[in-house]
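Novice: To be precise about what I am sending: the file is called my_file.cif and holds mmCIF, C-alpha atoms.
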```cif
data_input
#
loop_
_atom_site.label_atom_id
_atom_site.label_comp_id
_atom_site.auth_asym_id
_atom_site.auth_seq_id
_atom_site.Cartn_x
_atom_site.Cartn_y
_atom_site.Cartn_z
CA MET A 22 -21.24 -2.82 -9.11
CA GLY A 23 -20.48 -3.69 -12.70
CA LEU A 24 -17.82 -1.87 -14.64
CA PRO A 25 -18.39 0.25 -17.74
CA THR A 26 -17.70 -1.70 -20.90
CA SER A 27 -15.01 0.79 -21.89
CA PHE A 28 -13.11 0.07 -18.67
CA ALA A 29 -11.60 -3.07 -20.16
CA SER A 30 -11.15 -1.55 -23.62
CA ALA A 31 -7.66 -1.94 -25.03
CA GLU A 32 -8.31 0.00 -28.22
CA ARG A 33 -5.70 2.61 -29.13
CA ARG A 34 -5.16 5.16 -31.84
CA SER A 35 -2.24 4.58 -34.21
CA PRO A 36 0.88 6.79 -33.97
CA GLN A 37 -0.28 8.53 -37.15
CA GLU A 38 -3.67 9.28 -35.57
CA ILE A 39 -1.98 10.55 -32.40
CA ARG A 40 0.13 12.94 -34.46
CA ARG A 41 -2.99 14.14 -36.30
CA GLN A 42 -4.80 14.76 -33.01
CA THR A 43 -1.78 16.60 -31.61
CA ALA A 44 -1.81 18.82 -34.69
CA VAL A 45 -5.52 19.53 -34.19
CA LEU A 46 -4.87 20.64 -30.62
CA THR A 47 -1.74 22.68 -31.28
CA ALA A 48 -3.50 24.49 -34.14
CA ASN A 49 -5.70 26.05 -31.46
CA PRO A 50 -3.40 28.34 -29.40
CA ILE A 51 -5.95 28.56 -26.58
CA VAL A 52 -5.49 24.85 -25.80
CA GLY A 53 -1.74 25.23 -25.29
CA ARG A 54 -2.14 28.30 -23.09
CA LEU A 55 -4.88 26.56 -21.11
CA LEU A 56 -2.72 23.48 -20.53
CA ASP A 57 0.40 25.39 -19.56
CA GLY A 58 -1.71 27.54 -17.26
CA TYR A 59 -2.49 24.53 -15.06
CA PRO A 60 -0.40 24.77 -11.86
CA GLU A 61 -0.07 20.96 -11.81
CA PRO A 62 1.19 18.37 -14.33
CA ALA A 63 -1.55 18.04 -16.94
CA VAL A 64 -2.16 16.29 -20.27
CA VAL A 65 -4.81 16.15 -22.95
CA LEU A 66 -6.10 12.61 -23.52
CA ASN A 67 -8.03 11.29 -26.49
CA PHE A 68 -11.10 9.10 -26.06
CA GLU A 69 -8.87 6.02 -25.82
CA ARG A 70 -7.12 7.62 -22.80
CA GLN A 71 -3.84 8.18 -24.66
CA ILE A 72 -1.71 11.27 -24.06
CA VAL A 73 -1.91 13.61 -27.03
CA LEU A 74 -0.48 16.78 -25.50
CA ALA A 75 1.31 17.55 -22.22
CA ASN A 76 2.35 20.65 -20.29
CA ASP A 77 5.84 21.51 -19.10
CA LYS A 78 5.05 20.47 -15.49
CA LEU A 79 4.59 16.85 -16.58
CA VAL A 80 7.82 16.98 -18.56
CA ALA A 81 9.59 18.14 -15.38
CA LEU A 82 7.87 15.46 -13.25
CA LEU A 83 8.78 12.57 -15.55
CA GLY A 84 12.21 13.93 -16.48
CA ARG A 85 12.01 13.10 -20.17
CA PRO A 86 10.93 14.84 -23.39
CA ARG A 87 7.27 14.92 -24.38
CA GLU A 88 7.96 12.57 -27.29
CA GLY A 89 8.79 9.86 -24.75
CA PHE A 90 5.23 9.54 -23.39
CA ILE A 91 2.95 10.84 -26.17
CA GLY A 92 0.60 7.97 -27.06
CA MET A 93 0.89 6.38 -23.62
CA ARG A 94 -1.89 6.20 -21.07
CA PRO A 95 -1.42 7.97 -17.72
CA GLY A 96 -0.50 4.87 -15.71
CA GLU A 97 2.07 3.84 -18.30
CA ALA A 98 3.69 7.29 -18.26
CA LEU A 99 3.77 7.33 -14.45
CA GLY A 100 5.28 3.82 -14.26
CA CYS A 101 2.37 2.04 -12.53
CA ILE A 102 3.27 -1.62 -11.91
CA HIS A 103 -0.11 -2.70 -13.32
CA GLY A 104 0.34 -0.79 -16.58
CA LYS A 105 2.02 -3.73 -18.30
CA GLU A 106 0.15 -6.66 -16.72
CA GLU A 107 -2.25 -6.97 -19.63
CA ALA A 108 -1.58 -6.59 -23.34
CA GLY A 109 -4.05 -3.70 -23.41
CA GLY A 110 -1.93 -1.72 -20.93
CA CYS A 111 -3.14 0.91 -18.46
CA GLY A 112 -6.80 0.54 -17.52
CA THR A 113 -7.24 -3.10 -18.53
CA SER A 114 -5.99 -5.15 -15.55
CA GLU A 115 -8.24 -6.26 -12.69
CA PHE A 116 -6.40 -3.85 -10.38
CA CYS A 117 -7.38 -0.94 -12.64
CA ARG A 118 -10.98 -1.43 -11.49
CA GLU A 119 -10.07 0.46 -8.31
CA CYS A 120 -7.85 3.08 -9.96
CA GLY A 121 -9.03 6.61 -9.26
CA ALA A 122 -7.31 7.91 -12.41
CA VAL A 123 -9.13 5.57 -14.78
CA LEU A 124 -12.43 6.01 -12.95
CA SER A 125 -12.04 9.79 -13.11
CA ILE A 126 -11.34 9.80 -16.86
CA LEU A 127 -14.23 7.47 -17.64
CA GLY A 128 -16.53 9.34 -15.28
CA SER A 129 -15.79 12.62 -17.04
CA GLN A 130 -16.24 11.08 -20.48
CA GLN A 131 -19.63 9.66 -19.50
CA SER A 132 -20.99 12.65 -17.55
CA GLY A 133 -19.48 15.45 -19.61
CA ALA A 134 -18.48 17.13 -16.34
CA VAL A 135 -15.38 17.55 -14.19
CA ASP A 136 -14.57 14.40 -12.18
CA VAL A 137 -12.18 14.66 -9.20
CA ARG A 138 -10.87 11.59 -7.35
CA GLU A 139 -8.11 10.24 -5.16
CA CYS A 140 -5.68 7.86 -6.85
CA ARG A 141 -3.05 5.45 -5.52
CA ILE A 142 -0.33 4.32 -7.89
CA THR A 143 2.36 1.80 -7.08
CA ARG A 144 5.62 2.18 -8.98
CA ALA A 145 8.66 -0.10 -9.16
CA ALA A 146 11.62 1.20 -7.14
CA PRO A 147 15.07 -0.15 -6.12
CA THR A 148 13.88 -0.98 -2.58
CA GLY A 149 10.59 -2.63 -3.51
CA ASP A 150 7.46 -0.92 -4.77
CA ALA A 151 7.08 2.82 -4.15
CA ALA A 152 3.73 4.45 -3.40
CA LEU A 153 2.43 7.54 -5.12
CA ASP A 154 -0.73 9.23 -3.85
CA LEU A 155 -2.44 11.61 -6.25
CA ARG A 156 -5.50 13.81 -6.52
CA VAL A 157 -6.68 13.79 -10.14
CA TRP A 158 -8.99 16.02 -12.18
CA SER A 159 -10.61 15.04 -15.48
CA THR A 160 -12.26 17.81 -17.50
CA PRO A 161 -14.05 17.39 -20.87
CA LEU A 162 -12.63 19.28 -23.83
CA ALA A 163 -14.06 19.47 -27.38
CA VAL A 164 -11.74 20.67 -30.18
CA GLY A 165 -12.25 20.35 -33.91
CA GLY A 166 -15.32 18.18 -33.50
CA GLU A 167 -13.41 15.64 -31.38
CA SER A 168 -13.78 14.79 -27.69
CA PHE A 169 -10.74 15.02 -25.43
CA THR A 170 -10.10 15.08 -21.69
CA ILE A 171 -7.78 17.39 -19.78
CA PHE A 172 -6.27 15.21 -17.06
CA ALA A 173 -4.37 16.93 -14.23
CA VAL A 174 -2.61 15.40 -11.21
CA ARG A 175 -1.44 16.71 -7.85
CA ASP A 176 1.08 14.71 -5.84
CA THR A 177 -0.39 14.28 -2.33
CA THR A 178 2.07 11.60 -1.19
CA ASP A 179 3.62 13.77 1.54
CA GLU A 180 0.17 14.86 2.69
CA LYS A 181 -0.92 11.23 2.99
CA ARG A 182 2.25 10.35 4.90
CA ARG A 183 1.52 13.15 7.35
CA LEU A 184 -2.03 11.89 7.83
CA VAL A 185 -0.69 8.42 8.55
CA LEU A 186 1.64 9.86 11.19
CA GLU A 187 -1.19 11.83 12.78
CA ARG A 188 -3.47 8.81 12.85
CA MET A 189 -0.75 6.74 14.48
CA PHE A 190 -0.15 9.27 17.25
CA PHE A 191 -3.74 10.35 17.75
CA HIS A 192 -5.05 6.78 17.83
CA ASP A 193 -2.58 4.09 18.84
CA VAL A 194 -0.06 6.16 20.80
CA LEU A 195 -2.56 8.36 22.61
CA ASN A 196 -4.67 5.34 23.52
CA ALA A 197 -1.64 3.68 25.12
CA VAL A 198 -0.52 6.89 26.82
CA GLY A 199 -4.06 7.46 28.10
CA GLY A 200 -4.09 4.01 29.65
CA LEU A 201 -0.69 4.60 31.20
CA ARG A 202 -1.83 7.92 32.65
CA SER A 203 -4.91 6.28 34.18
CA ILE A 204 -2.70 3.77 35.96
CA LEU A 205 -0.43 6.51 37.29
CA ASP A 206 -3.43 8.54 38.52
CA PHE A 207 -4.49 5.64 40.77
CA TRP A 208 -1.03 4.21 41.48
CA SER A 209 -1.08 5.18 45.17
CA GLU A 210 -4.23 3.10 45.71
CA PHE A 211 -2.60 -0.17 44.60
CA SER A 212 -0.69 -2.52 46.86
CA GLY A 213 0.57 -6.09 46.91
CA ALA A 214 -0.55 -8.26 43.98
CA ASP A 215 -2.62 -5.42 42.49
CA ALA A 216 0.40 -3.15 42.39
CA ARG A 217 2.50 -5.82 40.66
CA GLU A 218 -0.25 -6.41 38.09
CA MET A 219 -0.59 -2.68 37.38
CA GLU A 220 3.19 -2.36 37.11
CA GLU A 221 3.21 -5.07 34.43
CA THR A 222 0.32 -3.41 32.59
CA ALA A 223 2.12 -0.06 32.69
CA ARG A 224 5.26 -1.65 31.28
CA GLN A 225 3.30 -3.25 28.45
CA LEU A 226 1.65 0.08 27.59
CA ALA A 227 5.04 1.82 27.54
CA GLU A 228 6.41 -0.89 25.25
CA GLN A 229 3.39 -0.45 22.97
CA VAL A 230 4.11 3.28 22.64
CA MET A 231 7.77 2.58 21.84
CA GLU A 232 6.80 -0.10 19.30
CA GLU A 233 4.40 2.21 17.45
CA ILE A 234 7.00 5.00 17.24
CA GLN A 235 9.81 2.65 16.19
CA ALA A 236 7.61 0.98 13.56
CA HIS A 237 6.81 4.31 11.93
CA ARG A 238 10.47 5.36 12.08
CA ASP A 239 11.54 2.11 10.42
CA LEU A 240 8.90 2.50 7.71
CA ALA A 241 10.08 6.02 6.86
CA THR A 242 13.69 4.80 6.76
CA ALA A 243 12.74 1.82 4.59
CA GLU A 244 10.85 3.98 2.09
CA SER A 245 13.91 6.21 1.69
CA GLY A 246 16.07 3.13 1.01
CA ASP A 247 18.27 3.67 4.05
CA LEU A 248 17.18 0.84 6.34
CA ALA A 249 20.11 -1.43 7.25
CA LEU A 250 19.78 -5.19 7.74
CA SER A 251 21.14 -6.91 10.83
CA LEU A 252 21.34 -10.66 10.19
CA ALA A 253 21.29 -13.15 13.05
CA THR A 254 19.99 -16.60 13.93
CA VAL A 255 16.22 -16.59 14.39
CA ASP A 256 14.25 -19.23 16.30
CA ALA A 257 10.87 -19.46 14.56
CA HIS A 258 9.05 -21.01 17.52
CA ALA A 259 10.34 -18.42 19.97
CA LEU A 260 9.51 -15.61 17.54
CA LEU A 261 5.91 -16.72 16.98
CA ALA A 262 5.33 -17.50 20.66
CA ASN A 263 6.58 -14.03 21.59
CA LEU A 264 4.38 -12.33 18.98
CA ALA A 265 1.35 -14.32 20.18
CA GLN A 266 2.04 -13.17 23.74
CA ILE A 267 2.58 -9.50 22.84
CA TYR A 268 -0.40 -9.14 20.50
CA GLY A 269 -2.59 -11.28 22.73
CA ARG A 270 -2.61 -8.29 25.11
CA HIS A 271 -3.37 -5.78 22.34
CA PRO A 272 -6.87 -4.20 22.29
CA VAL A 273 -7.54 -5.68 18.81
CA ALA A 274 -7.19 -9.18 20.33
CA THR A 275 -10.04 -8.77 22.81
CA ARG A 276 -12.11 -12.00 22.92
CA LYS A 277 -9.99 -13.48 20.13
CA THR A 278 -7.37 -16.25 20.18
CA ILE A 279 -3.88 -16.38 18.70
CA ALA A 280 -2.58 -19.91 18.15
CA VAL A 281 0.86 -21.09 17.03
CA ALA A 282 -0.69 -23.86 14.98
CA ARG A 283 2.33 -25.56 13.46
CA ILE A 284 6.13 -25.47 13.43
CA ARG A 285 7.47 -27.85 10.77
CA GLY A 286 11.11 -28.57 9.95
CA THR A 287 14.22 -26.84 11.24
CA ARG A 288 13.26 -24.10 13.69
CA THR A 289 16.29 -21.86 13.22
CA PHE A 290 17.41 -19.86 10.19
CA THR A 291 19.26 -16.62 9.41
CA SER A 292 17.41 -13.35 8.87
CA ASP A 293 16.78 -9.92 10.41
CA ASP A 294 14.80 -10.56 13.58
CA VAL A 295 13.60 -6.95 13.96
CA LEU A 296 12.23 -6.71 10.42
CA LEU A 297 10.59 -10.12 10.74
CA ARG A 298 8.83 -8.92 13.88
CA ARG A 299 7.68 -5.79 12.05
CA ILE A 300 6.32 -7.80 9.12
CA LEU A 301 4.63 -10.57 11.11
CA GLY A 302 3.38 -8.12 13.73
CA ASN A 303 1.63 -6.03 11.06
CA LEU A 304 0.11 -9.12 9.48
CA LEU A 305 -1.00 -10.44 12.87
CA LYS A 306 -2.58 -7.12 13.86
CA ASN A 307 -4.42 -6.93 10.51
CA ALA A 308 -5.66 -10.50 10.94
CA LEU A 309 -6.93 -9.75 14.45
CA GLU A 310 -8.72 -6.61 13.25
CA ALA A 311 -10.42 -8.64 10.50
CA SER A 312 -11.52 -11.38 12.93
CA ALA A 313 -14.73 -11.51 14.92
CA PRO A 314 -14.94 -12.21 18.67
CA GLY A 315 -14.48 -15.91 19.36
CA GLU A 316 -12.38 -16.51 16.23
CA THR A 317 -8.78 -17.71 16.09
CA VAL A 318 -5.81 -16.32 14.19
CA SER A 319 -3.30 -19.09 13.38
CA LEU A 320 0.46 -18.77 12.97
CA VAL A 321 2.47 -21.35 11.02
CA PHE A 322 6.16 -21.82 10.17
CA GLU A 323 7.66 -24.30 7.70
CA SER A 324 11.34 -24.57 6.77
CA ASP A 325 11.20 -26.79 3.67
CA PRO A 326 12.26 -25.90 1.01
CA ALA A 327 12.93 -22.45 2.52
CA PRO A 328 11.71 -20.58 5.61
CA ALA A 329 8.07 -19.50 5.30
CA PHE A 330 5.57 -18.01 7.74
CA SER A 331 1.82 -17.79 7.33
CA VAL A 332 -0.86 -15.87 9.21
CA HIS A 333 -4.45 -17.10 8.82
CA ASN A 334 -7.80 -15.67 9.89
CA PRO A 335 -11.32 -16.89 9.05
CA ALA A 336 -12.51 -13.69 7.34
CA VAL A 337 -12.72 -13.38 3.55
CA MET A 338 -11.75 -10.22 1.66
CA THR A 339 -14.06 -8.62 -0.84
CA ASP A 340 -12.73 -8.35 -4.39
CA SER A 341 -12.28 -4.61 -3.94
CA VAL A 342 -10.16 -5.04 -0.80
CA ARG A 343 -8.16 -7.83 -2.42
CA ARG A 344 -7.18 -5.58 -5.31
CA GLN A 345 -6.03 -2.75 -3.04
CA ILE A 346 -4.61 -4.46 0.04
CA PHE A 347 -0.95 -3.73 -0.78
CA GLN A 348 -1.46 -0.04 -1.57
CA ARG A 349 0.16 2.27 0.94
CA SER A 350 -2.72 4.56 1.94
CA PHE A 351 -5.50 2.00 1.53
CA SER A 352 -7.23 0.87 4.71
CA THR A 353 -10.09 -1.56 5.17
CA LYS A 354 -11.19 0.66 8.06
CA GLY A 355 -11.86 3.71 5.87
CA ALA A 356 -10.73 7.20 6.79
CA SER A 357 -9.97 6.19 10.38
CA GLY A 358 -7.50 3.51 9.36
CA ARG A 359 -3.75 3.91 9.02
CA GLY A 360 -3.39 1.93 5.81
CA ILE A 361 0.27 1.00 6.27
CA GLY A 362 0.19 -2.56 7.68
CA ALA A 363 0.15 -4.73 4.56
CA TRP A 364 2.05 -2.11 2.54
CA SER A 365 4.94 -1.87 5.01
CA ALA A 366 5.02 -5.65 5.41
CA LYS A 367 5.44 -6.08 1.66
CA LEU A 368 8.02 -3.30 1.42
CA LEU A 369 10.18 -4.85 4.17
CA ALA A 370 9.68 -8.44 2.99
CA GLU A 371 10.47 -7.89 -0.68
CA GLY A 372 12.60 -4.77 -0.68
CA TYR A 373 14.88 -5.74 2.20
CA LEU A 374 14.63 -9.41 3.16
CA GLY A 375 14.55 -10.57 -0.48
CA GLY A 376 11.42 -12.65 0.11
CA THR A 377 7.87 -12.55 -1.23
CA LEU A 378 4.63 -11.67 0.54
CA SER A 379 1.46 -13.08 -0.96
CA PHE A 380 -2.05 -13.93 0.17
CA ARG A 381 -5.04 -16.08 -0.63
CA SER A 382 -8.60 -15.23 0.41
CA ALA A 383 -11.51 -17.48 -0.49
CA PRO A 384 -14.90 -18.50 0.92
CA GLY A 385 -14.61 -21.53 3.18
CA GLU A 386 -10.88 -21.00 3.58
CA GLY A 387 -10.54 -17.55 5.10
CA THR A 388 -7.49 -15.38 4.43
CA THR A 389 -3.86 -16.48 4.63
CA PHE A 390 -0.84 -14.23 4.19
CA THR A 391 2.38 -16.09 3.40
CA LEU A 392 5.86 -14.68 3.89
CA ALA A 393 8.36 -16.80 1.92
CA LEU A 394 12.00 -16.06 2.70
CA PRO A 395 15.01 -16.96 0.54
CA ALA A 396 16.91 -20.12 1.42
CA SER A 397 20.03 -17.97 1.70
CA PRO A 398 19.63 -14.56 3.34
CA ARG A 399 20.24 -11.44 1.30
CA ASP A 400 23.56 -9.63 1.71
CA PRO A 401 22.89 -6.71 4.10
CA GLY A 402 24.33 -4.30 1.55
CA VAL A 403 22.04 -5.38 -1.31
CA ARG A 404 18.77 -3.59 -2.11
CA GLY A 405 16.36 -4.11 -4.95
CA THR A 406 13.05 -5.38 -6.15
CA PRO A 407 12.87 -9.19 -6.12
CA SER A 408 12.64 -10.91 -9.47
#
```
Could I get this structure in the form of C-alpha cells?
Specialist:
Amino acid sequence: MGLPTSFASAERRSPQEIRRQTAVLTANPIVGRLLDGYPEPAVVLNFERQIVLANDKLVALLGRPREGFIGMRPGEALGCIHGKEEAGGCGTSEFCRECGAVLSILGSQQSGAVDVRECRITRAAPTGDAALDLRVWSTPLAVGGESFTIFAVRDTTDEKRRLVLERMFFHDVLNAVGGLRSILDFWSEFSGADAREMEETARQLAEQVMEEIQAHRDLATAESGDLALSLATVDAHALLANLAQIYGRHPVATRKTIAVARIRGTRTFTSDDVLLRRILGNLLKNALEASAPGETVSLVFESDPAPAFSVHNPAVMTDSVRRQIFQRSFSTKGASGRGIGAWSAKLLAEGYLGGTLSFRSAPGEGTTFTLALPASPRDPGVRGTPS
C-alpha cells in the first residue's frame, strides 16, 4: 500500500510560528484545561506534527522543561533512534512507515476523527537499544481557524512484557510439559530400547523447558542492565554442531534441515558461550520458523578479520517485516508470536558482547543474519551501545 504524500514531508514551522501557535492555544483557557485533564502524557501538535503545547504528565515523563521539546515531533521528544536518521527528522525515515504514532497522527488529520493505534519505539540506552511500547490517541482540534491534533500516549511496555511471558509459558513451556506428561503417562508400558528412547525424549523435553525459562530470565536481566559476562574460550565448530543437534529436535525443525555449511579460519576465540548460544539459538529458531518443509537453514563461521557467525534461510522478508524485525514486541507470526527473538539477539549482541547484528534479505538470496564479534572481547564490566 502506498504511503500518503505527507508521510515523507519534512516541512516545519519556524520557531516564531511555533510561538505564535502556542499563544493562540494558551489564549483559549479551555485548551489548557482539556490538555491537563488527560490522565496520560499529551501534547498539541500543529499540522507539521510539531509539539506546540504539552501537559504536565509529559514534562514528568521526559524529565525536562516544556521549552526543551516545544517544536519537536513526538519521536524526537521521546528519543526514537530513527528520529535523526533523515534530515527531515521524525516521520521521514523508511522505518517511520510502520510507526503507529505517525500513522495515527496522519490518520486523524485525514479522517477528522480519533485514531488509536499501537506504537513501538526504540530508544538508545546504555546497554543497547531499549524498547518502548505505547498506545497512542490522535484527536483533531480546531482553534482560531487552525487545525491541530491532540496526541496522547500510554506506556504499555510492562503490559507487553507480561504478554510475552504468558505466551512463552502458555505455548513453548506448556507444549514441552504436555509432551513430558504424555511420556510419563505411558512410561510403564515401555521396555528395552523403547524405554531408552523415551527416556532420551523426556530428557530433551525437560531441557527445552529449562532453556525457555532461562532465556526469558536472561532477557529480563539484560534489559535491566544487570546481566554479567562470563568470558571463556569458545570452539565455533562445537558450538554450531551442538546448536544444530538441539534445534534439529525442536518442533519448528520438522521436515527441515540444519547444516553447518562452513567453518573458515581459526575455530576458537574468546567470548561468552552462554550469550552466544542465546543469540544464535534465537536466530536459528527464527530461521527455521521462516523456512518451508524440505528447506535448509545454513550455519557459517568465519574468523577473519574477526569472529563472525551467519544464519541463512531461503525465505525473503517483506519490506514491512524488514523495517520492524528488531522491535521488541514485533512478531512475524502476529498476535500468537512472542516477538522477542531478533530483539533479544540484538540486545545481547550489541549491548553486551560489543558486536553488531545485521541482516540482508533479497529475492534469489534468501535471508542472512550476521553476528560480527569484536576481535578483542569486551571487558565483562563494560556496558554500552556500540559505536
Novice: Please indicate the distance in Å from atom CA of A:Val295 to atom CA of A:Leu250, rounded to one decimal place.
Specialist: 8.9 Å
Novice: Identify which of the residues A:Thr377, A:Ser209, A:Asn334, A:Thr254 lies closest to A:Lys306, counting only C-alpha atoms when measuring atom-to-atom distances.
Specialist: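 Closest residue, counting only C-alpha atoms: A:Asn334.
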Novice: Mind telling me what the PyMOL selection byres ((chain A and resi 120) around 12) catches here, as a VMD selection string?
Specialist: chain A and resid 28 95 to 96 101 103 to 104 111 to 119 121 to 128 138 to 143 154 to 157 341 344 to 345 348 351
Novice: With distances taken over all atoms listed in the file, which of A:Leu261, A:Ala152, A:Ile39, A:Leu82 is nearest to A:Leu66?
Specialist: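 Closest residue, counting all atoms listed in the file: A:Ile39.
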Novice: Measure the distance from atom CA of A:Ala134 to atom CA of A:Ala81 in Å and round it to one decimal.
Specialist: 28.1 Å
Novice: Which residues fall under the PyMOL selection byres ((chain A and resi 395) around 12) in this file, as an MDAnalysis selection string?
Specialist: chainID A and resid 290:292 324:330 370:371 373:378 392:394 396:400 407:408
Novice: Which residue, A:Leu296, A:Leu301, A:Ala236, A:Ala243, has the smallest gap to A:Asn263 when you use only C-alpha atoms?
Specialist: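 Ranked by minimum distance to A:Asn263, first place goes to A:Leu301.
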Novice: Measure the distance from atom CA of A:Val337 to atom CA of A:Gly387 in Å and round it to one decimal.
Specialist: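 If I compute the distance from atom CA of A:Val337 to atom CA of A:Gly387, I get 5.0 Å.
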Novice: With the file shown as input, list the residues that the PyMOL selection byres ((chain A and resi 161) around 6) selects, as a ChimeraX atom specification.
Specialist: /A:133,160,162,170
Novice: Give me the residues within 7 Å of stretch 217-234 of chain A as a list of chain:residue names, counting all atoms listed in the file and dropping any in the same chain fewer than 6 places off.
Specialist: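 Residues near the query, excluding close chain neighbours: A:Val194, A:Ala197, A:Leu201, A:Ile204.
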Novice: Measuring atom to atom with only C-alpha atoms, identify which of A:Leu99, A:Leu320, A:Leu74, A:Leu46 is nearest to A:Asp176.
Specialist: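 Under the stated criterion, the closest residue is A:Leu99.
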Novice: What lies within 12 Å of A:Met338 using only C-alpha atoms, ignoring chain neighbours under 2 positions off, as a PyMOL selection string?
Specialist: chain A and resi 307-308+311-312+334-336+340-346+353+380-390
Novice: Would you list the contacts of stretch 49-65 of chain A as a PyMOL selection string, taking every protein, DNA or RNA residue within 12 Å and counting only C-alpha atoms, but skipping same-chain residues closer than 4 positions in sequence?
Specialist: chain A and resi 39+42-45+69-83+87+90-95+98-99+126+155-165+168-177
